[in-house]
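Below is one structure; the comments refer to it alone.
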Amino acid sequence: MNESIHEHHMHQHHMSDTGAMVMAGIPDWLYYTGIALILILSFIIVEILNKGSTTTKSYKKFNLLTYHFIKRLIKTPYFRFLFQFPLFLIFCLIIYAGIAGHGIINIAPVLTWTIWWAGLVLLVLFFGKAWCYICPWDFAATLLQHMKPFGVAKKPLTLGLEWPAGLKNIYLATGLFIVLTFIELGFKVTSSPRDTAVLAIVILLLSLGPALIFEKRSFCKYGCLVGRISGLYAMFSPIEIRSVNKKVCQNCKTQDCFNGNRKGNPCPTSLLMPEVNENTYCILCTECIKSCPHDNVAVNLRPFGTDLRHFKEVRKDEALLAIIMLALTSFHGITMTEIWESSGSRSVTGAIKALFNTGPLASFAIAMAGINLAIIAIYRLFCTITAKFAGQSEITGAKVFLYYAYSILPVALFYHLAHNSMHLFMEGQNIIPLLSDPLGEGKNYFGTATLPVMPLLSDTTVWLLQVFLIVTGHVAGIVIAHHISKRLYTDTVKARRSLIPILIVMILSSLLSLWIVHLDMDMRSSFM
Amino acid sequence: MSRVLIKYSFLISILLMATASNAHHIRGLPHYAYSENYPQVPVVEERRIADEWEYIFSYIRIFQTNNYDLAVYIKNTKTGKPFKGIVNYKVFGKGENPDIQHAHPTKADPTNTFRVGWSYENDGIYTVRIAFDAGGKSYTEEFKMQVGEVGFNYLWVILPGIVVFTLLLLVVIKRLKEKR
Ligand code: SF4
Ligand code: SF4
């Protein structure tokens, strides 16, 4: 850069209200109210649950397909296409804008990180795996393999190899999520249209490549980080696809939901309906609804958190992902605060730079690993304490880790929601001017390019919402932990004793969440 | 079989068309605001409130050169008065260490705006760091600016394209073998 001062021009400013880029954290009064609520509710809920809760195997559900128009719509071959195709076009727009548009003023990052990535968790909360139903990457793979945009394909184009046995778990997706978080925060890709486009291309390759190599949608089932994380969170959601009557399935000879027929494709994630007990691996594609000759597939509305109370068996990979989600989302929040990065060695990265004499990226990596491992280690330590405290020798700390991880999931999910609601409601409005000028070329297609835009919700509303979400996640976590304690320990006293250290972990993590939202957030660095 | 190939050539050409773009002239107009009194000169302007300060940051490309004028106006949101002390500017590119860049101290002009101008050797995205002291406290804010054209490495399109194309070819070969 050559330093040569020019003669400067005077110019008039036309201003629009874009709002603050640093969002103040929740005020003190709300912070302390939140802490009090968490402490008081913890004891009240435990007391109520101890007094009179019952653990039943069944739960209330309502099959939406009893409404014939809903069933007709879902069975219409092109119904899914009506959602997938527009999203596919938006996805193409993100790639095109990211490649060809302005390097800063560009619709690609806002659409990807502020609207989609932040909104995804909200979608999962209410609609479970709805994202997979409308997924544009799945559409691209279908188009390529079936050579048509919808309908049944007799022989999709694929080498049809079996997914490697060692990868038949969600570790690959978990690894990809950690890598994405590192790239996202370490390289700050969320503010870069070019990097966003590269990520979009990589994800397109990840959907097309494995679809051409492996049978069915193996990558969706095991490898897709979006699918797996939403799959885990969807255990909490109030929507499920299950058989109406398991006895009908038991007597079924054809098992068309698994094999497919001329009305519906085989289940892309190789699920046999009577064996579906949790939402984790179902991608809500509705093919089984079309193919079942006995009309024995239901789309049920059910209470929140059902799978977390009624899961058939614990899985190590799922339990680990639940704890990693808690650690990574908390870590993400911390990276946006002043304590993460500020001048001098007072910040986390500053201290690491000073301590190890490392560059910015290496310091980031060390801090990321340190914070995440610390959170996981603290949880593991409390699990050992729980096992000892409950006093049943065959139930080890490792077993407690696996079971109680399902009760940590709502805590992680609701903190994630609290964090994302800030992005969605404070920054989502940035899409309005960009709709008129998506490539930052100075266009004004719809007349909104210079429109003054205000955040969708006021600061106070977002703060209240954040505290409400964190407290809700905490309460849901306790309720689920209570159910789990009864599954884990047959002895009521031991079950109750095991709850105490877990309750402390939950209180600690909810207080950590409150503390993070109490700090001022730098909204420029990242959007998650 | 030839129908399959025709379908695939069509799909691939659509894919290539969608990703190929001509060199794009960046005019740098903002989504935040437009300074319409400079129809020939692009301006990016960003308004931000952080701590108790409101910032209006803008940059102007001096016609088609790589000279850019930067300007920041800083107002205290509590008192409503503009900041009049010294503002230090630091500009650094992607991968450049801001700690080894030297800061450029700037005084306010009669409109209470702090202005500097530099010419840039390389196109790209730069970070503009503005630092000042007020009331015994130090404040730092960063803004982004684009200089010239920001390219895209088309290998990111070509390599994945080759991978998908090769896989497709393998699938088609497998199909042909099965038919025989
Ligand atoms: S869902 Fe339908 S096709 Fe599948 S096993 Fe049950 S009855 Fe058979
Ligand atoms: S076919 Fe049915 S069970 Fe299989 S993924 Fe689709 S909706 Fe889920």
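By order in the structure tokens, chains are A, B, ...; within a chain, residues start at 1; ligands start at 1, following the order shown.
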Long-range neighbours of segment 73-83 of chain A as a PyMOL selection string, 12 Å cut-off, only C-alpha atoms, 2 positions minimum in chain: chain A and resi 64-65+67-71+85-90+130-136+138-140+142-143+148-153+262-265+284-292+295+297-299
For Gln146 of chain B, find every residue with an atom within 8 Å (counting only C-alpha atoms), except residues of its own chain fewer than 3 positions away, and show them as a VMD selection string. (chain A and resid 103 to 104) or (chain B and resid 28 123 to 126 149 to 150)
Using only C-alpha atoms and all ligand atoms, what table do you get, as CSV, when you list each residue of chain A with an atom no more than 10 Å from ligand 1, its nearest pair of atoms, and their distance in Å rounded to one decimal, rows by chain then rising number?
```
residue,atom,partner,partner_atom_place_in_ligand_line,distance
A:Arg242,CA,ligand 1,1 (S),8.0
A:Ser243,CA,ligand 1,1 (S),5.6
A:Val244,CA,ligand 1,1 (S),8.1
A:Asn245,CA,ligand 1,6 (Fe),8.0
A:Lys246,CA,ligand 1,6 (Fe),7.0
A:Lys247,CA,ligand 1,6 (Fe),8.4
A:Val248,CA,ligand 1,7 (S),5.4
A:Cys249,CA,ligand 1,6 (Fe),3.5
A:Gln250,CA,ligand 1,5 (S),6.8
A:Asn251,CA,ligand 1,7 (S),7.5
A:Cys252,CA,ligand 1,8 (Fe),4.6
A:Lys253,CA,ligand 1,8 (Fe),6.9
A:Thr254,CA,ligand 1,8 (Fe),6.2
A:Gln255,CA,ligand 1,3 (S),4.0
A:Asp256,CA,ligand 1,3 (S),4.1
A:Cys257,CA,ligand 1,4 (Fe),4.1
A:Phe258,CA,ligand 1,4 (Fe),6.4
A:Asn259,CA,ligand 1,3 (S),8.3
A:Gly260,CA,ligand 1,3 (S),8.4
A:Asn261,CA,ligand 1,3 (S),9.5
A:Cys267,CA,ligand 1,4 (Fe),9.6
A:Leu271,CA,ligand 1,4 (Fe),9.2
A:Leu272,CA,ligand 1,4 (Fe),6.2
A:Met273,CA,ligand 1,1 (S),4.8
A:Pro274,CA,ligand 1,6 (Fe),5.9
A:Glu275,CA,ligand 1,5 (S),8.9
A:Val276,CA,ligand 1,1 (S),9.8
A:Cys288,CA,ligand 1,1 (S),6.6
A:Ile289,CA,ligand 1,1 (S),7.7
A:Lys290,CA,ligand 1,2 (Fe),9.5
A:Ser291,CA,ligand 1,3 (S),6.7
A:Cys292,CA,ligand 1,2 (Fe),3.9
A:Pro293,CA,ligand 1,2 (Fe),6.0
A:His294,CA,ligand 1,7 (S),5.4
A:Asp295,CA,ligand 1,2 (Fe),6.5
A:Asn296,CA,ligand 1,2 (Fe),5.1
A:Val297,CA,ligand 1,1 (S),5.4
A:Ala298,CA,ligand 1,1 (S),9.0
```
At what distance in Å, to one decimal, does atom CA of Val179 of chain A lie from atom CA of Gly305 of chain A?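 Answer for the atom CA of Gly305 of chain A to atom CA of Val179 of chain A separation: 28.4 Å.
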Let me make sure I understand: among A:Ile241, A:Ala481, A:Ala36, A:Leu205, which one has the smallest atom-to-atom distance to ligand 2 if we use only C-alpha atoms and all ligand atoms?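 Counting only C-alpha atoms and all ligand atoms, the residue closest to ligand 2 is A:Ile241.
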May I have all residues of segment 204-414 of chain A that DSSP, computed from the backbone, assigns to alpha helix (DSSP H), given as number ranges by chain? A: 204-213, 218, 225-233, 246-250, 256-259, 287-291, 306-310, 316-335, 348-356, 360-390, 397-414
Tell me which of B:Trp156, B:Phe83, B:Tyr73, B:Tyr89 sits closest to chain A, counting only C-alpha atoms. B:Trp156
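A straight line drawn from atom CA of Ile203 of chain A to atom CA of Trp137 of chain A is 7.8 Å long.
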Measure the distance from atom CA of Val172 of chain B to atom CA of Pro156 of chain A in Å and round it to one decimal.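 The value is 11.2 Å.
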Polymer residues at most 7 Å from Ala387 of chain A, only C-alpha atoms, same-chain spacing of 2 or more positions, as a PyMOL selection string: chain A and resi 383-385+389-392+395-397+400+498
Give me, as a list of chain:residue names, all polymer residues having an atom no more than 10 Å from Ile334 of chain A, counting only C-alpha atoms and skipping those fewer than 5 positions away in the same chain.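 Non-adjacent residues within range: A:Leu328, A:Thr329, A:Ile339, A:Trp340, A:Glu341, A:Val348, A:Ile371, A:Leu512, A:Ser513, A:Trp515, A:Ile516, A:Val517, A:Leu519, A:Met521.
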B:Thr127, B:Ser119, B:Asn97, B:Asn153: which is nearest chain A, counting only C-alpha atoms?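 Of the candidates, the smallest distance to chain A is held by B:Ser119.
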Can you tell me which residues surround Ile56 of chain B at a distance of at most 10 Å, considering only C-alpha atoms, apart from same-chain residues fewer than 5 positions away, and format the answer as a ChimeraX atom specification? /A:13,15 /B:45-49,71-75,113
How about saving the chosen residues, C-alpha atoms kept, as a PDB file, in the first residue's frame?
```
ATOM      1  CA  HIS A  13     -24.383  10.880   3.621  1.00  0.00           C
ATOM      2  CA  MET A  15     -28.162   7.014   5.921  1.00  0.00           C
TER       3      MET A  15
ATOM      4  CA  GLU B  45     -21.031   3.643   3.344  1.00  0.00           C
ATOM      5  CA  GLU B  46     -21.709   1.823   6.556  1.00  0.00           C
ATOM      6  CA  ARG B  47     -23.302   3.067   9.729  1.00  0.00           C
ATOM      7  CA  ARG B  48     -22.604   1.256  12.945  1.00  0.00           C
ATOM      8  CA  ILE B  49     -23.212   1.789  16.634  1.00  0.00           C
ATOM      9  CA  ALA B  71     -13.618   8.580   5.751  1.00  0.00           C
ATOM     10  CA  VAL B  72     -15.055   8.056   9.177  1.00  0.00           C
ATOM     11  CA  TYR B  73     -17.337  10.251  11.212  1.00  0.00           C
ATOM     12  CA  ILE B  74     -17.658   9.361  14.889  1.00  0.00           C
ATOM     13  CA  LYS B  75     -20.384  10.676  17.143  1.00  0.00           C
ATOM     14  CA  THR B 113     -14.722  13.685   9.458  1.00  0.00           C
TER      15      THR B 113
END
```
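Nearest-residue note for ligand 2: choosing from A:Ser58, A:Thr181, A:Thr112, A:Ser270, the minimum distance belongs to A:Ser270, counting only C-alpha atoms and all ligand atoms.
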Point out the residue among A:Ala24, A:Leu402, A:Leu123, A:Pro360 with the least atom-to-atom distance to Asp99 of chain B, counting only C-alpha atoms. A:Pro360
So that I can see what lies close to segment 486-497 of chain A, please list as a PyMOL selection string the residues with an atom at most 12 Å from it, counting only C-alpha atoms and leaving out residues fewer than 5 positions away in the same chain. chain A and resi 46-47+49-51+53-57+308-314+385-397+399-404+478-481+502-504
